[in-house]
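Comments concern the structure below.
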Amino acid sequence: MAGRVSSARSGIITLLTDFGMRDAFVGIMKGVILGAYPRAQLVDLAHDLDPQDVLAGALLLRSAVPYFPRGTVHLAVIDPGVGSSRRGLVIATRAALLVGPDNGVLSLAARALGGGRAHALDIDQLVARRIVHAPVSQTFHGRDVFAPIAAHLAKGLPLRSIGPAVDRIVELAVPACRIARTQIAGEVIHIDRFGNLITNIGADDLAGLASYSPASLSVSIGRERRERIDGLVPAYASVPKGALLTILGSWGQLEVAVRDGSARQWLSARCGTPVRVTVPATR
């Protein structure tokens with residue numbers, strides 16, 4: 001995971017978890033961070049992801065990291081392997097520091113930031129130096145490990161104090177779409193809180209189709225009962241209320257949506273639901 005890294009620190013720490021806001025987990029992590037670094041600026045990215053949905057967390061983190069100042073610490077805790085032999089990581093990139101478990105949740109953001117240098121957390125050393133306080137819970141590393149690490153990094157803790165550099169980390173791969181001359185076969189990879197279906201088909205994929213234009217595009221979605229949508233619109237408001245539409249969303253990916261409604265409910269869709277894009281064949 002080679003790449004240039006930055007030693008800058010902005011004092012900003014973002015938090016991304018699947019803990020929700022019903023329990024006190026997120027608030028406790030913030031208390032730990034502020035106890036170690038009272039001047040930290042805390043930013044909540046998201047906490048209401050489906051439990052243990054590592055890919056969703058990785059996608060959301062990737063979507064967010066380009067918009068923060070250089071030297072931000074991004075803390076992501078979606079950790080179904082907590083208490084197991086999985087490692088904790090810090091990945092130092094040119095623009096940011098990423099903190100979390102080595103289960104792929106950091107990998108897409110690291111790749112989007114141009115790669116970097118990964119360090120595995122040496123828990124025994126961190127406890128000995130009182131950066132991490134013992135005893136360390138087997139069920140809440142967000143509180144006992146990752147929150148204090150993020151706080152100390154934001155204060156300027158050097159990476160050599162974290163643990164050894166590692167050559168490989170767990171990498172997630174977004175499902176690839178299959179591209180032919182006049183069609184693309186893809187799938188839904190994320191569903192936002194509005195019920196919009198975000199696909200793995202990007203703007204560059206569409207532009208590579210023969211005779212592509214927004215008006216010529218036709219999208220079908222679903223398995224048994226396929227819905228067909230013709231044309232790509234520039235805005236949700238381009239269609240009447242309650243109508244299906246396709247649009248290039250803020251991630252630069254093809255989305256299927258319902259104006260003022262939920263495409264998830266309309267189509268009974270979920271992650272993995274197939275999506276096919278076609279354009280007319282040229283002679």
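Following the order of the structure tokens, first chain is A, next is B, and so on, with residues numbered from 1 inside each chain and ligands from 1 in the order they appear.
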Could you write out, as a ChimeraX atom specification, all the residues of region 30-167 of chain A that DSSP marks as helix (DSSP H, G or I)? /A:30-36,54-67,107-112,123-128,141-155,159-161
Where does region 163-258 of chain A meet region 33-53 of chain A within 12 Å, residue by residue, with the nearest atom pair and distance in Å to one decimal for each, counting only C-alpha atoms, listed by chain and rising number, as a Markdown table?
```
| residue | atom | partner | partner_atom | distance |
| --- | --- | --- | --- | --- |
| A:Ile189 | CA | A:Asp53 | CA | 11.5 |
| A:His190 | CA | A:Asp53 | CA | 10.4 |
| A:Ile191 | CA | A:Leu49 | CA | 10.3 |
| A:Asp192 | CA | A:Leu49 | CA | 9.5 |
| A:Arg193 | CA | A:Asp48 | CA | 9.4 |
```
Residues at most 10 Å from region 245-252 of chain A, counting only C-alpha atoms, excluding those fewer than 4 positions away in the same chain, as a JSON list (two decimals) with N, CA, C and O atoms, in the first residue's frame?
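Result saved to result_32.json:
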```
[["chain", "number", "residue", "atom", "x", "y", "z"],
["A", 59, "LEU", "N", -17.86, 2.35, 1.35],
["A", 59, "LEU", "CA", -18.34, 3.23, 0.28],
["A", 59, "LEU", "C", -18.62, 4.64, 0.81],
["A", 59, "LEU", "O", -18.27, 5.65, 0.17],
["A", 60, "LEU", "N", -19.26, 4.72, 1.97],
["A", 60, "LEU", "CA", -19.56, 6.04, 2.54],
["A", 60, "LEU", "C", -18.29, 6.78, 2.92],
["A", 60, "LEU", "O", -18.18, 7.99, 2.70],
["A", 62, "ARG", "N", -15.33, 6.40, 1.57],
["A", 62, "ARG", "CA", -14.71, 6.83, 0.31],
["A", 62, "ARG", "C", -15.38, 8.07, -0.24],
["A", 62, "ARG", "O", -14.71, 8.98, -0.76],
["A", 63, "SER", "N", -16.69, 8.14, -0.13],
["A", 63, "SER", "CA", -17.41, 9.30, -0.67],
["A", 63, "SER", "C", -17.12, 10.58, 0.09],
["A", 63, "SER", "O", -17.29, 11.68, -0.45],
["A", 64, "ALA", "N", -16.69, 10.47, 1.35],
["A", 64, "ALA", "CA", -16.53, 11.64, 2.21],
["A", 64, "ALA", "C", -15.12, 12.20, 2.25],
["A", 64, "ALA", "O", -14.93, 13.42, 2.37],
["A", 196, "ASN", "N", -32.94, 5.70, -2.69],
["A", 196, "ASN", "CA", -32.30, 5.76, -4.00],
["A", 196, "ASN", "C", -31.33, 4.60, -4.15],
["A", 196, "ASN", "O", -30.57, 4.27, -3.23],
["A", 197, "LEU", "N", -31.32, 3.99, -5.32],
["A", 197, "LEU", "CA", -30.50, 2.81, -5.59],
["A", 197, "LEU", "C", -29.23, 3.24, -6.32],
["A", 197, "LEU", "O", -29.28, 3.64, -7.48],
["A", 198, "ILE", "N", -28.11, 3.18, -5.64],
["A", 198, "ILE", "CA", -26.83, 3.57, -6.23],
["A", 198, "ILE", "C", -26.18, 2.33, -6.82],
["A", 198, "ILE", "O", -26.04, 1.31, -6.14],
["A", 199, "THR", "N", -25.79, 2.41, -8.07],
["A", 199, "THR", "CA", -25.27, 1.25, -8.79],
["A", 199, "THR", "C", -23.75, 1.33, -8.94],
["A", 199, "THR", "O", -23.12, 2.35, -8.64],
["A", 200, "ASN", "N", -23.17, 0.25, -9.42],
["A", 200, "ASN", "CA", -21.73, 0.23, -9.69],
["A", 200, "ASN", "C", -21.40, 0.70, -11.10],
["A", 200, "ASN", "O", -20.28, 0.51, -11.58],
["A", 201, "ILE", "N", -22.34, 1.33, -11.76],
["A", 201, "ILE", "CA", -22.14, 1.85, -13.13],
["A", 201, "ILE", "C", -21.82, 3.33, -13.04],
["A", 201, "ILE", "O", -22.64, 4.13, -12.57],
["A", 202, "GLY", "N", -20.61, 3.69, -13.46],
["A", 202, "GLY", "CA", -20.16, 5.07, -13.34],
["A", 202, "GLY", "C", -20.34, 5.88, -14.61],
["A", 202, "GLY", "O", -20.66, 5.34, -15.67],
["A", 203, "ALA", "N", -20.11, 7.17, -14.49],
["A", 203, "ALA", "CA", -20.24, 8.07, -15.64],
["A", 203, "ALA", "C", -19.29, 7.67, -16.76],
["A", 203, "ALA", "O", -19.65, 7.72, -17.95],
["A", 204, "ASP", "N", -18.07, 7.25, -16.43],
["A", 204, "ASP", "CA", -17.11, 6.84, -17.46],
["A", 204, "ASP", "C", -17.58, 5.57, -18.18],
["A", 204, "ASP", "O", -17.34, 5.41, -19.38],
["A", 214, "PRO", "N", -27.55, 10.87, -23.09],
["A", 214, "PRO", "CA", -28.49, 10.69, -21.97],
["A", 214, "PRO", "C", -29.89, 10.29, -22.42],
["A", 214, "PRO", "O", -30.56, 9.51, -21.75],
["A", 217, "LEU", "N", -30.29, 6.33, -23.58],
["A", 217, "LEU", "CA", -30.06, 5.28, -22.60],
["A", 217, "LEU", "C", -31.36, 4.66, -22.11],
["A", 217, "LEU", "O", -32.35, 5.35, -21.91],
["A", 218, "SER", "N", -31.36, 3.36, -21.93],
["A", 218, "SER", "CA", -32.49, 2.65, -21.35],
["A", 218, "SER", "C", -31.98, 1.78, -20.22],
["A", 218, "SER", "O", -30.97, 1.09, -20.36],
["A", 219, "VAL", "N", -32.65, 1.83, -19.07],
["A", 219, "VAL", "CA", -32.22, 1.10, -17.88],
["A", 219, "VAL", "C", -33.32, 0.13, -17.48],
["A", 219, "VAL", "O", -34.49, 0.51, -17.36],
["A", 228, "ARG", "N", -38.45, -0.87, -16.65],
["A", 228, "ARG", "CA", -37.61, -0.21, -17.64],
["A", 228, "ARG", "C", -37.80, 1.30, -17.53],
["A", 228, "ARG", "O", -38.93, 1.80, -17.40],
["A", 229, "ILE", "N", -36.68, 2.03, -17.57],
["A", 229, "ILE", "CA", -36.69, 3.49, -17.49],
["A", 229, "ILE", "C", -35.89, 4.01, -18.67],
["A", 229, "ILE", "O", -34.74, 3.61, -18.87],
["A", 230, "ASP", "N", -36.48, 4.90, -19.43],
["A", 230, "ASP", "CA", -35.82, 5.44, -20.62],
["A", 230, "ASP", "C", -35.28, 6.83, -20.35],
["A", 230, "ASP", "O", -36.00, 7.70, -19.83],
["A", 231, "GLY", "N", -34.02, 7.04, -20.69],
["A", 231, "GLY", "CA", -33.41, 8.36, -20.58],
["A", 231, "GLY", "C", -32.83, 8.64, -19.21],
["A", 231, "GLY", "O", -33.29, 8.12, -18.19],
["A", 232, "LEU", "N", -31.81, 9.47, -19.22],
["A", 232, "LEU", "CA", -31.14, 9.92, -18.00],
["A", 232, "LEU", "C", -31.53, 11.37, -17.78],
["A", 232, "LEU", "O", -31.42, 12.20, -18.69],
["A", 233, "VAL", "N", -32.02, 11.70, -16.59],
["A", 233, "VAL", "CA", -32.48, 13.07, -16.33],
["A", 233, "VAL", "C", -31.42, 13.86, -15.58],
["A", 233, "VAL", "O", -30.58, 13.29, -14.88],
["A", 234, "PRO", "N", -31.45, 15.20, -15.69],
["A", 234, "PRO", "CA", -30.45, 16.03, -15.01],
["A", 234, "PRO", "C", -30.77, 16.32, -13.55],
["A", 234, "PRO", "O", -29.89, 16.74, -12.81],
["A", 235, "ALA", "N", -32.03, 16.11, -13.13],
["A", 235, "ALA", "CA", -32.42, 16.44, -11.75],
["A", 235, "ALA", "C", -33.63, 15.60, -11.37],
["A", 235, "ALA", "O", -34.41, 15.17, -12.22],
["A", 236, "TYR", "N", -33.79, 15.36, -10.07],
["A", 236, "TYR", "CA", -34.96, 14.62, -9.60],
["A", 236, "TYR", "C", -36.25, 15.31, -10.02],
["A", 236, "TYR", "O", -37.26, 14.67, -10.33],
["A", 237, "ALA", "N", -36.22, 16.64, -10.04],
["A", 237, "ALA", "CA", -37.43, 17.41, -10.36],
["A", 237, "ALA", "C", -37.77, 17.40, -11.84],
["A", 237, "ALA", "O", -38.76, 18.01, -12.25],
["A", 238, "SER", "N", -36.98, 16.70, -12.65],
["A", 238, "SER", "CA", -37.25, 16.64, -14.08],
["A", 238, "SER", "C", -38.44, 15.75, -14.43],
["A", 238, "SER", "O", -38.90, 15.76, -15.56],
["A", 239, "VAL", "N", -38.90, 14.95, -13.47],
["A", 239, "VAL", "CA", -40.03, 14.05, -13.73],
["A", 239, "VAL", "C", -41.14, 14.37, -12.74],
["A", 239, "VAL", "O", -40.93, 15.01, -11.71],
["A", 240, "PRO", "N", -42.37, 13.93, -13.03],
["A", 240, "PRO", "CA", -43.48, 14.19, -12.10],
["A", 240, "PRO", "C", -43.28, 13.45, -10.77],
["A", 240, "PRO", "O", -42.55, 12.46, -10.70],
["A", 256, "VAL", "N", -30.95, 4.86, -9.55],
["A", 256, "VAL", "CA", -32.36, 4.69, -9.87],
["A", 256, "VAL", "C", -33.13, 5.25, -8.68],
["A", 256, "VAL", "O", -32.87, 4.89, -7.53],
["A", 257, "ALA", "N", -34.08, 6.14, -8.95],
["A", 257, "ALA", "CA", -34.79, 6.83, -7.88],
["A", 257, "ALA", "C", -36.26, 7.00, -8.24],
["A", 257, "ALA", "O", -36.67, 6.77, -9.38],
["A", 258, "VAL", "N", -37.04, 7.39, -7.26],
["A", 258, "VAL", "CA", -38.43, 7.80, -7.45],
["A", 258, "VAL", "C", -38.55, 9.20, -6.91],
["A", 258, "VAL", "O", -38.18, 9.47, -5.76],
["A", 259, "ARG", "N", -39.06, 10.11, -7.73],
["A", 259, "ARG", "CA", -39.20, 11.47, -7.23],
["A", 259, "ARG", "C", -40.18, 11.51, -6.05],
["A", 259, "ARG", "O", -41.31, 11.02, -6.15],
["A", 263, "ALA", "N", -37.33, 4.28, -4.40],
["A", 263, "ALA", "CA", -37.14, 3.23, -5.40],
["A", 263, "ALA", "C", -36.94, 1.87, -4.73],
["A", 263, "ALA", "O", -37.32, 0.84, -5.29]]
```
Kindly indicate which residue among A:Glu255, A:Glu187, A:Glu171, A:Asp18 lies nearest to Gly115 (chain A), using only C-alpha atoms for the distances.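 With only C-alpha atoms as the atom set, the closest residue is A:Glu171.
Each of A:Met29, A:Leu244, A:Ala128, A:Met21 was compared to Asp144 (chain A) using only C-alpha atoms, and A:Met29 turns out to be the nearest.
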Of the candidates A:Gln138, A:His152, A:Val170, A:Arg86, which one gets nearest to Ala110 (chain A) if we count only C-alpha atoms? A:Val170
Which residue is closest to Arg94 (chain A)? Choose from A:Leu121, A:Ala8, A:Ala180, A:Leu106 and count only C-alpha atoms.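 Between A:Leu121, A:Ala8, A:Ala180, A:Leu106, the residue approaching Arg94 (chain A) most closely is A:Ala8.
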Could you tell me, as JSON, numbers by chain, which residues of region 39-90 of chain A DSSP assigns to strand (DSSP E or B) when given the backbone? {"A": [41, 42, 43, 44, 45, 46, 72, 73, 74, 75, 76, 77, 88, 89, 90]}
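Going from CA of Ala150 (chain A) to CA of His119 (chain A) covers 13.3 Å.
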Which residue of A:Ala24, A:Val132, A:Ala165, A:Ala210 approaches Ala92 (chain A) most closely, using only C-alpha atoms: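 Counting only C-alpha atoms, the residue closest to Ala92 (chain A) is A:Ala165.
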With a distance cut-off of 12 Å and only C-alpha atoms, select the neighbouring residues of Leu113 (chain A), excluding the residue or stretch itself and same-chain residues fewer than 2 positions from it, and output the selection as an MDAnalysis selection string. chainID A and resid 1:6 61:68 70 91:98 106:111 115:117
N, CA and C atoms of the current selection, written as a short mmCIF file (atom, residue, chain, number, x, y, z; two decimals), in the first residue's frame:
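Output saved as again28.cif:
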```cif
data_model
loop_
_atom_site.label_atom_id
_atom_site.label_comp_id
_atom_site.auth_asym_id
_atom_site.auth_seq_id
_atom_site.Cartn_x
_atom_site.Cartn_y
_atom_site.Cartn_z
N MET A 1 0.86 -1.18 0.00
CA MET A 1 0.00 0.00 0.00
C MET A 1 0.89 1.22 0.00
N ALA A 2 1.76 1.32 -1.01
CA ALA A 2 2.72 2.42 -1.05
C ALA A 2 2.05 3.71 -1.47
N GLY A 3 2.67 4.83 -1.09
CA GLY A 3 2.16 6.13 -1.46
C GLY A 3 2.75 7.19 -0.56
N ARG A 4 2.77 8.43 -1.02
CA ARG A 4 3.28 9.52 -0.22
C ARG A 4 2.32 9.81 0.93
N VAL A 5 2.88 10.23 2.07
CA VAL A 5 2.05 10.51 3.23
C VAL A 5 2.36 11.91 3.73
N SER A 6 1.40 12.45 4.46
CA SER A 6 1.53 13.80 5.01
C SER A 6 1.63 13.72 6.52
N LEU A 61 -17.33 6.07 3.51
CA LEU A 61 -16.07 6.72 3.86
C LEU A 61 -15.37 7.22 2.61
N ARG A 62 -15.33 6.40 1.57
CA ARG A 62 -14.71 6.83 0.31
C ARG A 62 -15.38 8.07 -0.24
N SER A 63 -16.69 8.14 -0.13
CA SER A 63 -17.41 9.30 -0.67
C SER A 63 -17.12 10.58 0.09
N ALA A 64 -16.69 10.47 1.35
CA ALA A 64 -16.53 11.64 2.21
C ALA A 64 -15.12 12.20 2.25
N VAL A 65 -14.11 11.34 2.20
CA VAL A 65 -12.75 11.79 2.51
C VAL A 65 -12.22 12.90 1.60
N PRO A 66 -12.62 13.00 0.32
CA PRO A 66 -12.05 14.09 -0.48
C PRO A 66 -12.47 15.48 -0.04
N TYR A 67 -13.48 15.60 0.80
CA TYR A 67 -14.06 16.91 1.10
C TYR A 67 -13.61 17.48 2.44
N PHE A 68 -12.60 16.86 3.06
CA PHE A 68 -12.10 17.33 4.35
C PHE A 68 -10.69 17.92 4.20
N ARG A 70 -6.74 18.76 4.64
CA ARG A 70 -5.56 17.90 4.78
C ARG A 70 -5.26 17.70 6.27
N ILE A 91 -3.86 4.01 8.53
CA ILE A 91 -3.32 4.20 7.19
C ILE A 91 -3.06 5.68 7.00
N ALA A 92 -1.81 6.02 6.77
CA ALA A 92 -1.42 7.42 6.55
C ALA A 92 -1.33 7.67 5.05
N THR A 93 -2.16 8.56 4.54
CA THR A 93 -2.13 8.93 3.13
C THR A 93 -1.61 10.35 3.00
N ARG A 94 -1.53 10.81 1.79
CA ARG A 94 -1.04 12.16 1.55
C ARG A 94 -1.98 13.21 2.15
N ALA A 95 -3.26 12.89 2.25
CA ALA A 95 -4.25 13.89 2.66
C ALA A 95 -4.85 13.64 4.03
N ALA A 96 -4.79 12.41 4.55
CA ALA A 96 -5.55 12.09 5.75
C ALA A 96 -4.97 10.88 6.44
N LEU A 97 -5.42 10.67 7.68
CA LEU A 97 -5.13 9.46 8.43
C LEU A 97 -6.43 8.68 8.61
N LEU A 98 -6.38 7.38 8.36
CA LEU A 98 -7.55 6.51 8.46
C LEU A 98 -7.31 5.53 9.60
N LEU A 106 -11.46 0.55 5.56
CA LEU A 106 -10.61 1.70 5.23
C LEU A 106 -10.07 1.66 3.81
N SER A 107 -10.19 0.52 3.14
CA SER A 107 -9.42 0.28 1.93
C SER A 107 -9.85 1.14 0.75
N LEU A 108 -11.16 1.34 0.57
CA LEU A 108 -11.62 2.12 -0.58
C LEU A 108 -11.23 3.59 -0.43
N ALA A 109 -11.32 4.11 0.79
CA ALA A 109 -10.92 5.50 1.03
C ALA A 109 -9.42 5.67 0.82
N ALA A 110 -8.63 4.70 1.30
CA ALA A 110 -7.19 4.79 1.10
C ALA A 110 -6.84 4.80 -0.38
N ARG A 111 -7.52 3.95 -1.15
CA ARG A 111 -7.27 3.90 -2.59
C ARG A 111 -7.67 5.21 -3.25
N GLY A 115 -3.47 5.89 -1.99
CA GLY A 115 -2.67 4.93 -1.25
C GLY A 115 -1.90 5.61 -0.13
N GLY A 116 -1.17 4.81 0.62
CA GLY A 116 -0.43 5.36 1.74
C GLY A 116 0.35 4.29 2.45
N ARG A 117 0.71 4.56 3.69
CA ARG A 117 1.50 3.64 4.50
C ARG A 117 0.63 3.11 5.63
#
```
Compile the contact shell of Gln125 (chain A) as an MDAnalysis selection string: residues with an atom at most 12 Å away, counting only C-alpha atoms, same-chain residues fewer than 5 positions apart removed. chainID A and resid 120 130:134 160:164
Save the residues we just selected, C-alpha atoms, as a PDB file, in the first residue's frame?
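Now in out_13.pdb:
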```pdb
ATOM      1  CA  ALA A 120      -0.778  -2.314  12.510  1.00  0.00           C
ATOM      2  CA  ARG A 130      -0.772   4.722  28.282  1.00  0.00           C
ATOM      3  CA  ILE A 131      -2.097   5.742  24.889  1.00  0.00           C
ATOM      4  CA  VAL A 132      -4.577   2.891  25.194  1.00  0.00           C
ATOM      5  CA  HIS A 133      -5.849   2.196  28.703  1.00  0.00           C
ATOM      6  CA  ALA A 134      -6.131  -1.342  30.101  1.00  0.00           C
ATOM      7  CA  ARG A 160       6.221   5.100  14.562  1.00  0.00           C
ATOM      8  CA  SER A 161       4.537   5.106  17.989  1.00  0.00           C
ATOM      9  CA  ILE A 162       1.517   3.178  16.692  1.00  0.00           C
ATOM     10  CA  GLY A 163       3.062  -0.093  15.635  1.00  0.00           C
ATOM     11  CA  PRO A 164       4.904  -1.752  12.754  1.00  0.00           C
TER      12      PRO A 164
END
```
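Across the model, the gap from CA of Asp122 (chain A) to CA of Phe19 (chain A) is 24.8 Å.
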Near-Val82 (chain A) list (10 Å; only C-alpha atoms; drop same-chain fewer than 3 positions) as number ranges by chain: A: 77-79, 85-88, 101, 137-142
Here is a test: counting only C-alpha atoms, which residue of A:Leu206, A:Ala154, A:Ile221, A:Ala215 is nearest to Arg270 (chain A)? A:Ile221
